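Note: the block below is model_17.txt and it holds compact mmCIF, C-alpha atoms.
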```
# COMPACT_ATOMS: atom_id res chain seq x y z
CA MET Y 1 15.65 27.43 16.62
CA LEU Y 2 18.80 28.68 14.95
CA HIS Y 3 18.68 28.98 11.16
CA SER Y 4 21.52 28.81 8.68
CA PRO Y 5 21.69 31.07 5.64
CA HIS Y 6 19.79 30.19 2.51
CA ALA Y 7 21.66 28.63 -0.39
CA SER Y 8 22.01 32.03 -2.08
CA GLU Y 9 23.88 33.30 1.00
CA ALA Y 10 26.00 30.17 1.55
CA ALA Y 11 29.75 30.30 1.09
CA PRO Y 12 30.56 29.78 -2.62
CA ARG Y 13 33.00 26.97 -1.83
CA ALA Y 14 30.15 24.92 -0.27
CA ARG Y 15 27.61 25.30 -3.06
CA SER Y 16 28.83 22.31 -5.04
CA TRP Y 17 28.50 20.18 -1.90
CA TRP Y 18 24.93 21.35 -1.35
CA PHE Y 19 24.22 20.73 -5.04
CA ALA Y 20 25.37 17.11 -4.70
CA CYS Y 21 23.46 16.72 -1.43
CA ALA Y 22 20.23 17.98 -3.05
CA VAL Y 23 20.65 15.68 -6.06
CA LEU Y 24 21.19 12.63 -3.85
CA PHE Y 25 18.21 13.55 -1.71
CA ALA Y 26 15.96 13.91 -4.78
CA SER Y 27 17.26 10.59 -6.11
CA ILE Y 28 15.71 8.55 -3.28
CA PRO Y 29 12.45 7.71 -5.19
CA PRO Y 30 14.10 6.41 -8.39
CA ALA Y 31 16.79 4.66 -6.36
CA MET Y 32 14.05 2.79 -4.51
CA ALA Y 33 12.45 1.83 -7.84
CA PHE Y 34 15.67 0.15 -8.95
CA ALA Y 35 16.93 -1.11 -5.58
CA HIS Y 36 14.04 -1.41 -3.15
CA ARG Y 37 16.10 -1.02 0.04
CA SER Y 38 18.40 1.79 -1.12
CA ALA Y 39 16.78 4.77 0.66
CA PRO Y 40 19.10 4.51 3.72
CA LEU Y 41 22.18 4.50 1.45
CA PHE Y 42 21.12 7.60 -0.45
CA GLY Y 43 19.86 9.35 2.69
CA THR Y 44 23.10 8.65 4.55
CA ALA Y 45 25.23 9.76 1.61
CA ALA Y 46 23.22 12.99 1.37
CA ALA Y 47 23.63 13.56 5.11
CA LEU Y 48 27.40 13.07 4.89
CA LEU Y 49 27.54 15.59 2.04
CA ALA Y 50 25.49 17.99 4.16
CA LEU Y 51 27.99 17.63 7.01
CA ALA Y 52 30.87 18.20 4.59
CA ALA Y 53 29.14 21.30 3.20
CA CYS Y 54 28.56 22.64 6.71
CA ALA Y 55 32.25 22.08 7.44
CA ARG Y 56 33.20 24.00 4.29
CA GLU Y 57 30.94 26.86 5.42
CA GLY Y 58 32.29 26.76 8.96
CA ALA Y 59 28.73 26.08 10.08
CA LEU Y 60 29.28 22.83 12.00
CA PRO Y 61 29.11 24.62 15.38
CA VAL Y 62 25.75 26.12 14.35
CA LEU Y 63 24.51 22.69 13.27
CA CYS Y 64 25.61 21.20 16.59
CA ARG Y 65 23.72 23.90 18.48
CA GLN Y 66 20.66 23.21 16.34
CA ALA Y 67 20.91 19.50 17.11
CA GLU Y 68 21.31 20.18 20.82
CA ALA Y 69 18.31 22.51 20.83
CA ALA Y 70 16.21 19.93 18.97
CA LEU Y 71 17.17 17.13 21.36
CA LEU Y 72 16.34 19.28 24.39
CA THR Y 73 12.75 19.80 23.27
CA ARG Y 74 10.08 17.51 24.68
CA LEU Y 75 9.87 15.64 21.39
CA GLY Y 76 13.64 15.32 21.12
CA ALA Y 77 13.96 14.06 24.69
CA ALA Y 78 11.12 11.54 24.28
CA ALA Y 79 12.55 10.24 20.99
CA THR Y 80 15.98 9.90 22.61
CA VAL Y 81 14.51 7.94 25.52
CA PHE Y 82 12.74 5.63 23.06
CA LEU Y 83 15.95 4.99 21.11
CA ILE Y 84 17.94 4.36 24.30
CA TYR Y 85 15.28 1.98 25.60
CA GLY Y 86 15.26 0.16 22.27
CA ALA Y 87 19.02 -0.27 22.50
CA LEU Y 88 18.79 -1.55 26.08
CA SER Y 89 16.12 -4.08 25.08
CA ILE Y 90 18.65 -5.86 22.87
CA ALA Y 91 20.07 -7.26 26.11
CA TRP Y 92 17.00 -9.51 26.63
CA SER Y 93 16.38 -10.34 22.97
CA PRO Y 94 16.53 -14.07 22.10
CA ALA Y 95 18.66 -13.10 19.07
CA PRO Y 96 20.94 -10.23 20.14
CA ALA Y 97 22.96 -10.24 16.90
CA SER Y 98 19.85 -9.91 14.73
CA SER Y 99 18.45 -7.25 17.05
CA LEU Y 100 21.68 -5.26 16.96
CA TYR Y 101 21.79 -5.35 13.16
CA ALA Y 102 18.16 -4.21 12.88
CA TYR Y 103 18.71 -1.47 15.46
CA GLY Y 104 21.83 -0.24 13.66
CA GLU Y 105 20.02 -0.06 10.32
CA PHE Y 106 17.13 1.82 11.91
CA LEU Y 107 19.38 4.21 13.85
CA VAL Y 108 21.54 5.12 10.84
CA ALA Y 109 18.43 6.02 8.84
CA ILE Y 110 17.08 8.11 11.74
CA LEU Y 111 20.36 9.99 12.22
CA ALA Y 112 20.71 10.70 8.50
CA GLY Y 113 17.18 12.10 8.40
CA PHE Y 114 17.90 14.20 11.50
CA VAL Y 115 21.02 15.75 9.94
CA LEU Y 116 19.22 16.51 6.67
CA ALA Y 117 16.17 17.93 8.44
CA LEU Y 118 18.39 20.38 10.33
CA SER Y 119 20.64 21.40 7.46
CA LEU Y 120 19.11 20.99 3.99
CA PRO Y 121 15.85 23.01 4.24
CA ALA Y 122 17.78 26.22 4.92
CA ARG Y 123 20.01 25.74 1.87
CA ALA Y 124 17.76 23.84 -0.53
CA PRO Y 125 18.19 25.22 -4.07
CA ARG Y 126 15.11 26.63 -5.78
CA TRP Y 127 15.12 23.86 -8.37
CA LEU Y 128 15.01 21.00 -5.85
CA TRP Y 129 11.23 20.62 -5.95
CA ILE Y 130 11.28 20.42 -9.76
CA LEU Y 131 14.05 17.81 -9.69
CA LEU Y 132 12.24 15.81 -7.01
CA ALA Y 133 9.04 15.91 -9.09
CA ALA Y 134 10.84 14.79 -12.26
CA LEU Y 135 12.63 11.94 -10.48
CA ALA Y 136 9.42 10.86 -8.73
CA ILE Y 137 7.76 10.59 -12.15
CA GLY Y 138 10.80 8.66 -13.38
CA ALA Y 139 10.46 6.25 -10.46
CA THR Y 140 6.83 5.60 -11.31
CA TRP Y 141 7.75 4.94 -14.95
CA VAL Y 142 10.21 2.26 -13.87
CA LEU Y 143 7.60 0.67 -11.63
CA LEU Y 144 4.74 0.85 -14.13
CA ILE Y 145 6.70 -0.35 -17.17
CA ASP Y 146 8.38 -3.20 -15.33
CA LEU Y 147 5.13 -4.46 -13.82
CA ALA Y 148 3.22 -4.08 -17.11
CA LEU Y 149 5.81 -5.91 -19.22
CA GLY Y 150 6.68 -8.78 -16.88
CA LEU Y 151 9.68 -7.32 -15.05
CA PRO Y 152 12.11 -6.78 -17.98
CA VAL Y 153 14.10 -4.22 -15.96
CA ARG Y 154 14.70 -6.62 -13.10
CA ARG Y 155 15.46 -9.46 -15.52
CA ALA Y 156 18.05 -7.33 -17.34
CA MET Y 157 19.68 -6.32 -14.06
CA GLY Y 158 19.71 -9.89 -12.75
CA TRP Y 159 17.63 -8.96 -9.70
CA ARG Y 160 14.86 -10.78 -7.84
CA MET Y 161 11.91 -11.53 -10.08
CA ASN Y 162 9.23 -10.67 -7.52
CA THR Y 163 6.51 -8.12 -8.18
CA PHE Y 164 6.05 -7.35 -4.49
CA VAL Y 165 9.44 -5.57 -4.33
CA TYR Y 166 7.73 -2.60 -5.97
CA ASN Y 167 5.59 -2.14 -2.86
CA ARG Y 168 8.50 -0.35 -1.20
CA PRO Y 169 9.05 2.35 -3.85
CA ALA Y 170 5.27 2.83 -3.98
CA LEU Y 171 5.26 3.48 -0.23
CA THR Y 172 8.22 5.85 -0.54
CA LEU Y 173 6.33 7.83 -3.18
CA LEU Y 174 3.26 7.81 -0.93
CA VAL Y 175 4.94 9.61 1.98
CA ILE Y 176 6.93 12.06 -0.16
CA ALA Y 177 3.92 13.02 -2.30
CA PRO Y 178 2.02 15.28 0.17
CA PRO Y 179 4.79 17.88 0.74
CA LEU Y 180 5.96 17.61 -2.89
CA LEU Y 181 2.51 18.19 -4.36
CA THR Y 182 1.79 20.99 -1.90
CA ALA Y 183 5.06 22.74 -2.75
CA LEU Y 184 4.41 22.49 -6.50
CA ILE Y 185 0.91 23.92 -6.09
CA GLU Y 186 2.17 26.73 -3.84
CA GLN Y 187 4.79 27.58 -6.47
CA ARG Y 188 2.09 27.55 -9.18
CA HIS Y 189 3.49 24.50 -10.97
CA ARG Y 190 -0.02 23.09 -11.11
CA LEU Y 191 0.35 21.03 -14.30
CA LEU Y 192 3.50 19.40 -12.93
CA ALA Y 193 1.68 18.74 -9.64
CA LEU Y 194 -1.17 17.12 -11.56
CA ALA Y 195 1.30 14.92 -13.47
CA VAL Y 196 3.07 13.85 -10.26
CA ALA Y 197 -0.25 13.09 -8.56
CA GLY Y 198 -1.42 11.01 -11.51
CA PHE Y 199 1.77 9.00 -11.79
CA VAL Y 200 2.05 8.39 -8.05
CA ALA Y 201 -1.60 7.30 -7.90
CA ALA Y 202 -1.01 4.93 -10.82
CA ALA Y 203 2.07 3.48 -9.14
CA ILE Y 204 0.19 2.86 -5.88
CA LEU Y 205 -2.77 1.29 -7.67
CA GLN Y 206 -0.54 -0.88 -9.85
CA SER Y 207 1.55 -2.14 -6.94
CA GLU Y 208 0.48 -5.10 -4.85
CA SER Y 209 0.56 -3.06 -1.67
CA GLY Y 210 -2.83 -2.88 -0.01
CA ALA Y 211 -1.13 -0.84 2.70
CA ALA Y 212 -0.13 1.81 0.13
CA LYS Y 213 -3.68 2.04 -1.16
CA LEU Y 214 -5.03 2.39 2.38
CA GLY Y 215 -2.35 4.98 3.17
CA ALA Y 216 -3.27 7.02 0.09
CA LEU Y 217 -6.94 7.14 1.09
CA VAL Y 218 -6.08 8.09 4.67
CA ALA Y 219 -3.61 10.73 3.47
CA LEU Y 220 -6.23 12.34 1.23
CA GLY Y 221 -8.70 12.53 4.10
CA ALA Y 222 -6.08 13.85 6.50
CA TYR Y 223 -4.91 16.50 4.04
CA GLY Y 224 -8.43 17.78 3.47
CA ALA Y 225 -9.25 17.80 7.17
CA GLY Y 226 -5.92 19.45 7.98
CA ARG Y 227 -6.50 22.20 5.44
CA TRP Y 228 -10.07 23.10 6.39
CA LEU Y 229 -10.78 21.54 9.82
CA ARG Y 230 -7.45 21.96 11.56
CA PRO Y 231 -8.46 21.62 15.25
CA VAL Y 232 -10.78 18.69 14.50
CA ALA Y 233 -8.12 16.97 12.39
CA LEU Y 234 -5.50 17.32 15.10
CA ALA Y 235 -7.81 16.05 17.85
CA THR Y 236 -8.96 13.12 15.70
CA ALA Y 237 -5.41 12.13 14.81
CA THR Y 238 -4.33 12.26 18.45
CA ALA Y 239 -7.28 10.22 19.68
CA THR Y 240 -6.82 7.67 16.89
CA ILE Y 241 -3.13 7.13 17.57
CA VAL Y 242 -3.66 6.77 21.33
CA LEU Y 243 -6.53 4.33 20.82
CA ALA Y 244 -4.59 2.29 18.24
CA LEU Y 245 -1.61 1.91 20.57
CA ALA Y 246 -3.79 1.14 23.59
CA LEU Y 247 -5.84 -1.56 21.84
CA ALA Y 248 -3.04 -3.11 19.75
CA PRO Y 249 -2.64 -6.29 21.87
CA LEU Y 250 -6.39 -6.91 21.53
CA ALA Y 251 -6.68 -6.05 17.83
CA GLY Y 252 -6.46 -9.64 16.57
CA ASP Y 253 -9.12 -11.02 18.90
CA MET Y 254 -11.40 -8.04 18.25
CA LEU Y 255 -11.20 -8.46 14.48
CA GLN Y 256 -11.68 -12.21 14.77
CA ARG Y 257 -15.03 -11.54 16.44
CA LEU Y 258 -16.06 -8.60 14.25
CA LEU Y 259 -15.14 -9.79 10.75
CA PRO Y 260 -17.37 -12.56 9.32
CA SER Y 261 -15.89 -15.22 7.03
CA ALA Y 262 -17.48 -13.47 4.05
CA ALA Y 263 -15.40 -10.39 4.77
CA HIS Y 264 -12.21 -12.45 4.79
CA GLN Y 265 -13.22 -14.01 1.46
CA ALA Y 266 -13.76 -10.56 -0.03
CA LEU Y 267 -10.33 -9.50 1.28
CA ALA Y 268 -8.60 -12.69 0.20
CA THR Y 269 -5.97 -10.83 -1.83
CA SER Y 270 -4.96 -8.94 1.32
CA ASN Y 271 -4.50 -12.16 3.34
CA SER Y 272 -6.81 -10.73 5.98
CA GLN Y 273 -7.38 -14.02 7.83
CA ALA Y 274 -3.67 -14.77 8.02
CA ARG Y 275 -3.05 -11.24 9.25
CA VAL Y 276 -5.68 -11.59 11.97
CA ASP Y 277 -4.15 -14.92 13.02
CA ILE Y 278 -0.72 -13.32 13.27
CA TRP Y 279 -2.10 -10.42 15.29
CA ARG Y 280 -3.86 -12.83 17.66
CA SER Y 281 -0.63 -14.78 18.12
CA PHE Y 282 1.51 -11.75 18.92
CA GLY Y 283 -1.26 -10.34 21.10
CA ALA Y 284 -1.21 -13.58 23.08
CA ALA Y 285 2.58 -13.31 23.38
CA VAL Y 286 2.22 -9.83 24.88
CA LYS Y 287 0.34 -11.36 27.84
CA TYR Y 288 3.40 -13.48 28.68
CA GLN Y 289 5.85 -10.54 28.63
CA PRO Y 290 3.65 -7.47 29.07
CA TRP Y 291 6.06 -4.94 30.57
CA PHE Y 292 9.27 -5.11 28.55
CA GLY Y 293 8.53 -7.42 25.61
CA ALA Y 294 10.85 -9.82 23.78
CA GLY Y 295 13.48 -7.21 22.93
CA PHE Y 296 14.14 -5.10 19.84
CA ALA Y 297 13.50 -6.87 16.51
CA PRO Y 298 14.36 -10.51 17.31
CA GLY Y 299 12.89 -11.52 13.94
CA SER Y 300 12.18 -15.20 13.37
CA SER Y 301 13.75 -15.96 16.77
CA PHE Y 302 10.81 -14.34 18.55
CA PRO Y 303 9.37 -17.76 19.63
CA ASP Y 304 12.69 -18.50 21.38
CA SER Y 305 11.97 -15.82 23.98
CA PRO Y 306 11.91 -17.79 27.28
CA LYS Y 307 8.77 -16.10 28.54
CA VAL Y 308 6.63 -17.38 25.66
CA ALA Y 309 7.77 -20.99 26.06
CA ASP Y 310 4.39 -21.94 27.54
CA LEU Y 311 2.36 -20.17 24.85
CA ASP Y 312 -0.21 -22.31 23.04
CA PRO Y 313 1.60 -24.06 20.13
CA ALA Y 314 -1.14 -22.89 17.76
CA TYR Y 315 -0.07 -19.30 18.49
CA ARG Y 316 3.67 -20.06 18.46
CA THR Y 317 3.38 -21.21 14.83
CA PHE Y 318 2.64 -17.67 13.69
CA LEU Y 319 5.36 -16.06 15.81
CA VAL Y 320 8.01 -17.24 13.35
CA ALA Y 321 6.72 -14.49 11.04
CA GLY Y 322 9.17 -12.34 12.98
CA HIS Y 323 6.88 -9.35 13.40
CA PRO Y 324 3.11 -8.93 13.49
CA HIS Y 325 2.69 -6.67 10.41
CA ASN Y 326 1.25 -4.10 12.80
CA GLY Y 327 3.56 -1.40 14.09
CA ALA Y 328 1.64 -0.76 17.29
CA LEU Y 329 1.52 -4.46 18.13
CA GLN Y 330 5.20 -4.81 17.21
CA ILE Y 331 6.08 -2.16 19.78
CA TRP Y 332 4.02 -3.95 22.42
CA SER Y 333 5.40 -7.41 21.61
CA GLU Y 334 9.06 -6.32 21.41
CA LEU Y 335 9.24 -3.42 23.88
CA GLY Y 336 6.23 -4.08 26.12
CA ALA Y 337 4.04 -1.56 27.89
CA ALA Y 338 7.08 0.60 28.71
CA GLY Y 339 7.94 0.95 25.03
CA ALA Y 340 4.31 1.51 24.05
CA PHE Y 341 4.00 4.33 26.59
CA VAL Y 342 7.08 6.15 25.29
CA ALA Y 343 6.02 5.51 21.68
CA VAL Y 344 2.59 7.06 22.16
CA LEU Y 345 4.24 10.01 23.89
CA VAL Y 346 6.57 10.50 20.91
CA LEU Y 347 3.71 10.28 18.42
CA CYS Y 348 1.55 12.75 20.34
CA LEU Y 349 4.47 15.16 20.56
CA ILE Y 350 5.00 14.85 16.81
CA LEU Y 351 1.38 15.86 16.29
CA ARG Y 352 1.90 18.74 18.71
CA SER Y 353 4.91 19.90 16.71
CA LEU Y 354 2.87 19.71 13.49
CA SER Y 355 0.31 22.06 15.04
CA GLY Y 356 2.86 24.88 14.88
CA LEU Y 357 3.29 24.66 11.10
CA PRO Y 358 1.72 27.12 8.61
CA PRO Y 359 -1.56 25.98 7.00
CA ALA Y 360 -0.32 24.23 3.85
CA SER Y 361 2.63 22.64 5.63
CA PHE Y 362 0.39 21.45 8.44
CA ALA Y 363 -1.99 19.74 6.00
CA ALA Y 364 0.92 18.07 4.18
CA GLY Y 365 2.55 17.05 7.45
CA LEU Y 366 -0.67 15.58 8.81
CA ALA Y 367 -1.16 13.68 5.55
CA VAL Y 368 2.33 12.16 5.84
CA PHE Y 369 1.75 11.27 9.51
CA ALA Y 370 -1.63 9.67 8.75
CA ALA Y 371 -0.32 7.74 5.75
CA ALA Y 372 2.73 6.46 7.64
CA ALA Y 373 0.58 5.44 10.61
CA ALA Y 374 -1.99 3.66 8.45
CA VAL Y 375 0.71 1.76 6.55
CA SER Y 376 2.58 0.85 9.73
CA PHE Y 377 -0.56 -0.50 11.40
CA VAL Y 378 -1.22 -3.03 8.62
CA GLY Y 379 2.08 -3.46 6.80
CA HIS Y 380 5.70 -4.43 7.06
CA GLY Y 381 8.17 -4.44 9.95
CA LEU Y 382 8.35 -1.12 11.74
CA TRP Y 383 12.13 -0.84 12.04
CA GLN Y 384 13.16 -1.45 8.44
CA GLY Y 385 15.78 1.06 7.37
CA TRP Y 386 14.20 1.89 4.01
CA TRP Y 387 10.93 2.85 5.72
CA ALA Y 388 12.64 5.04 8.31
CA ALA Y 389 14.69 6.69 5.56
CA SER Y 390 11.61 7.30 3.39
CA ILE Y 391 9.73 8.92 6.28
CA GLY Y 392 12.88 10.90 7.08
CA ALA Y 393 12.94 12.21 3.50
CA ALA Y 394 9.28 13.24 3.85
CA ILE Y 395 10.10 15.12 7.08
CA VAL Y 396 12.93 16.98 5.31
CA ALA Y 397 10.48 17.91 2.54
CA ILE Y 398 7.92 19.15 5.10
CA ARG Y 399 10.56 21.37 6.73
CA MET Y 400 11.53 22.74 3.31
CA LEU Y 401 7.88 23.48 2.57
CA ALA Y 402 7.30 25.14 5.95
CA ARG Y 403 10.35 27.38 5.57
CA GLU Y 404 9.24 28.55 2.14
CA GLU Y 405 5.68 29.11 3.34
CA ARG Y 406 6.89 31.26 6.23
CA GLU Y 407 9.14 33.26 3.90
CA ARG Y 408 6.22 33.98 1.55
CA ALA Y 409 4.09 35.13 4.51
CA ARG Y 410 6.62 37.78 5.55
```
Rewrite the structure from the file as structure tokens, please.
Amino acid sequence: MLHSPHASEAAPRARSWWFACAVLFASIPPAMAFAHRSAPLFGTAAALLALAACAREGALPVLCRQAEAALLTRLGAAATVFLIYGALSIAWSPAPASSLYAYGEFLVAILAGFVLALSLPARAPRWLWILLAALAIGATWVLLIDLALGLPVRRAMGWRMNTFVYNRPALTLLVIAPPLLTALIEQRHRLLALAVAGFVAAAILQSESGAAKLGALVALGAYGAGRWLRPVALATATATIVLALALAPLAGDMLQRLLPSAAHQALATSNSQARVDIWRSFGAAVKYQPWFGAGFAPGSSFPDSPKVADLDPAYRTFLVAGHPHNGALQIWSELGAAGAFVAVLVLCLILRSLSGLPPASFAAGLAVFAAAAAVSFVGHGLWQGWWAASIGAAIVAIRMLAREERERAR
């Protein structure tokens, strides 16, 4: 792949643009703490600044060639096919307007992350990791203080007085933490890394997000396995993701049989029984439209899909949830077997691309992948722009880390 010059070699007239781009990129965690859907806005603004900086450098042709080369890889081609298929599925959605809005939000976040991943790592200033660490700690302070004192920050700003809104910044911190902590350790900023790890852990534990807590545990295991058992970790991750996608339509019925009522009582705070009921309902809907699904993100209009008109009313009640709180099942229910096949191909190719990273970057990348997968399998809607933008920011950080690790190895 073509590489652009490092920041120290960039044209002087573009440095202020890259400075602003880096600051906006690092501001994603605190922005999410204040406005819990703001990651796409900050990511898109940073991407636009990156494009402007490339134009000032005269590097837009190079960036276009990089983008073309990336899209012509197997991963790039598979991801493009998935996005095109998702766009086409809007045609058979029961709520095309809602689907189009959701698709647009998702696509903008993806494109912004793509631009930043191609451009920023090669020009990232040396201080970016320190700034990102400081702002991540600042984000956790906002979260911890507001939750501990009864939401005074949100009250003062006139925002929604709901504690669950802090789940989103906690999840953003979760996926950014592995490359950030790895970079700080590699640069021998161990005390700062320890502080970031402590604050991020506190934020995740203090939040109401069971998905974030699960993701943190999975990320820790994946990082350790990736660092010391690389082939085993890669094979396990691949097998797990394929199995999770393959069994998604059956997950609700399987858990209904496997989990006793006592287990649901112990997991009452996680709404486990309601989650299983929702999974069973969407799994039943898959049987009525198995090949192409209901269309991209129809939301609460999902039950209006003509093919599920004959579905048992007991199941239809839960379909108004809009999505099954299970990313794999959401792909099946909205895009059908065709979408699930392309999705599993994309995910396996992502793991294949991670296998080419240097040791520390591979472990961090696998931790991000595992955390994002774990959260997506039990959490919120898969296509939300803030989640795509947060994962995009983590990918940019992984590419920054990998570049620096390769430079140190020379």
Surrounding residues of range 170-175 of chain Y excluding itself and chain neighbours under 6 positions, 9 Å, only C-alpha atoms, as number ranges by chain: Y: 28-29, 32-33, 39, 136, 139-140, 143, 200-201, 203-205, 207, 209, 211-212, 215-216, 219, 367-369, 371-372, 375, 386-387, 389-391, 393-394
Quiz item: Near Ala67 in chain Y, counting only C-alpha atoms, which residues have an atom at most 12 Å away, once you skip same-chain residues fewer than 6 positions from it, shown as a ChimeraX atom specification?
Solution: /Y:1-3,60-61,73,76-77,111,114-119
Between CA of Leu192 in chain Y and CA of Ala35 in chain Y, what is the distance in Å, rounded to a tenth?
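Taking CA of Leu192 in chain Y as the start and CA of Ala35 in chain Y as the end point, the length is 25.6 Å.
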Go ahead and fit an axis-aligned box to every listed atom of range 195-199 of chain Y plus 5 Å each side, and pass me the centre and edge lengths in Å, one decimal, as lines of an AutoDock Vina configuration file.
```
center_x = 0.8
center_y = 12.0
center_z = -11.0
size_x = 14.5
size_y = 15.9
size_z = 14.9
```
Residues near range 356-366 of chain Y, cut-off 9 Å, only C-alpha atoms, skip fewer than 3 positions along chain, as a PyMOL selection string: chain Y and resi 177-183+186+219+222-228+230+233-234+237+351-353+369-371+394-395+398-399+401-402+405-406
Subject >> Residues near Ser27 in chain Y, cut-off 8 Å, all atoms listed in the file, skip fewer than 3 positions along chain, as a list in words >> reply: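 So, after excluding close chain neighbours, the residues are Val23, Leu24, Pro30, Ala31, Phe42, Leu132 and Leu135 of chain Y.
Restricting the calculation to all atoms listed in the file, the smallest distance between Gly339 in chain Y and any of Y:Trp159, Y:Phe164, Y:Trp92, Y:Phe296 is found for Y:Phe296.
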TODO: Excluding Leu147 in chain Y and residues on its chain fewer than 6 positions from it, collect all residues at most 10 Å away from it, counting only C-alpha atoms, and give them as a PyMOL selection string.
DONE: chain Y and resi 141+153-154+162-164+166+203+206-207
Of Y:Ala22, Y:Ala112, Y:Ala340, Y:Ala59, the one sitting nearest Arg126 in chain Y when using all atoms listed in the file is Y:Ala22
Separating CA of Leu255 in chain Y from CA of Val276 in chain Y, to the nearest tenth of an Å, is a gap of 6.8 Å
From CA of Ala397 in chain Y to CA of Ile176 in chain Y the spacing works out at 7.4 Å
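Closest approach to Gly336 in chain Y from the set Y:Pro298, Y:Pro121, Y:Pro290, Y:Gly113 is made by Y:Pro290, with distances taken over all atoms listed in the file.
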Can I get the residues of range 110-148 of chain Y within 10 Å of range 14-18 of chain Y, each with the closest pair of atoms and their distance in Å to one decimal, using all atoms listed in the file, sorted chain first then ascending number, as a tab-separated table?
```
residue	atom	partner	partner_atom	distance
Y:Ser119	CA	Y:Trp18	CA	9.8
Y:Leu120	CA	Y:Trp18	CA	7.9
Y:Arg123	CA	Y:Trp18	CA	7.3
Y:Ala124	CA	Y:Trp18	CA	7.6
Y:Pro125	CA	Y:Trp18	CA	8.2
```
Take the residues that were just selected and, keeping C-alpha atoms, output them as a PDB file, in the coordinates of the input.
```pdb
ATOM      1  CA  SER Y 119      20.640  21.400   7.460  1.00  0.00           C
ATOM      2  CA  LEU Y 120      19.110  20.990   3.990  1.00  0.00           C
ATOM      3  CA  ARG Y 123      20.010  25.740   1.870  1.00  0.00           C
ATOM      4  CA  ALA Y 124      17.760  23.840  -0.530  1.00  0.00           C
ATOM      5  CA  PRO Y 125      18.190  25.220  -4.070  1.00  0.00           C
TER       6      PRO Y 125
END
```
Exercise for the section: Rank Y:Pro40, Y:Pro231, Y:Gly299, Y:Gly58 by their smallest atom-to-atom distance to Val108 in chain Y, using all atoms listed in the file, and report the top residue only. Expected result: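 Among the listed residues, the smallest separation from Val108 in chain Y belongs to Y:Pro40.
Nearest residue to Ala321 in chain Y among Y:Ser301, Y:Ala45, Y:Lys307, Y:Phe34 is Y:Ser301, counting all atoms listed in the file.
When all atoms listed in the file are used to measure the gap to Ala52 in chain Y, the shortest distance among Y:Cys21, Y:Leu71, Y:Ala78, Y:Arg408 belongs to Y:Cys21.
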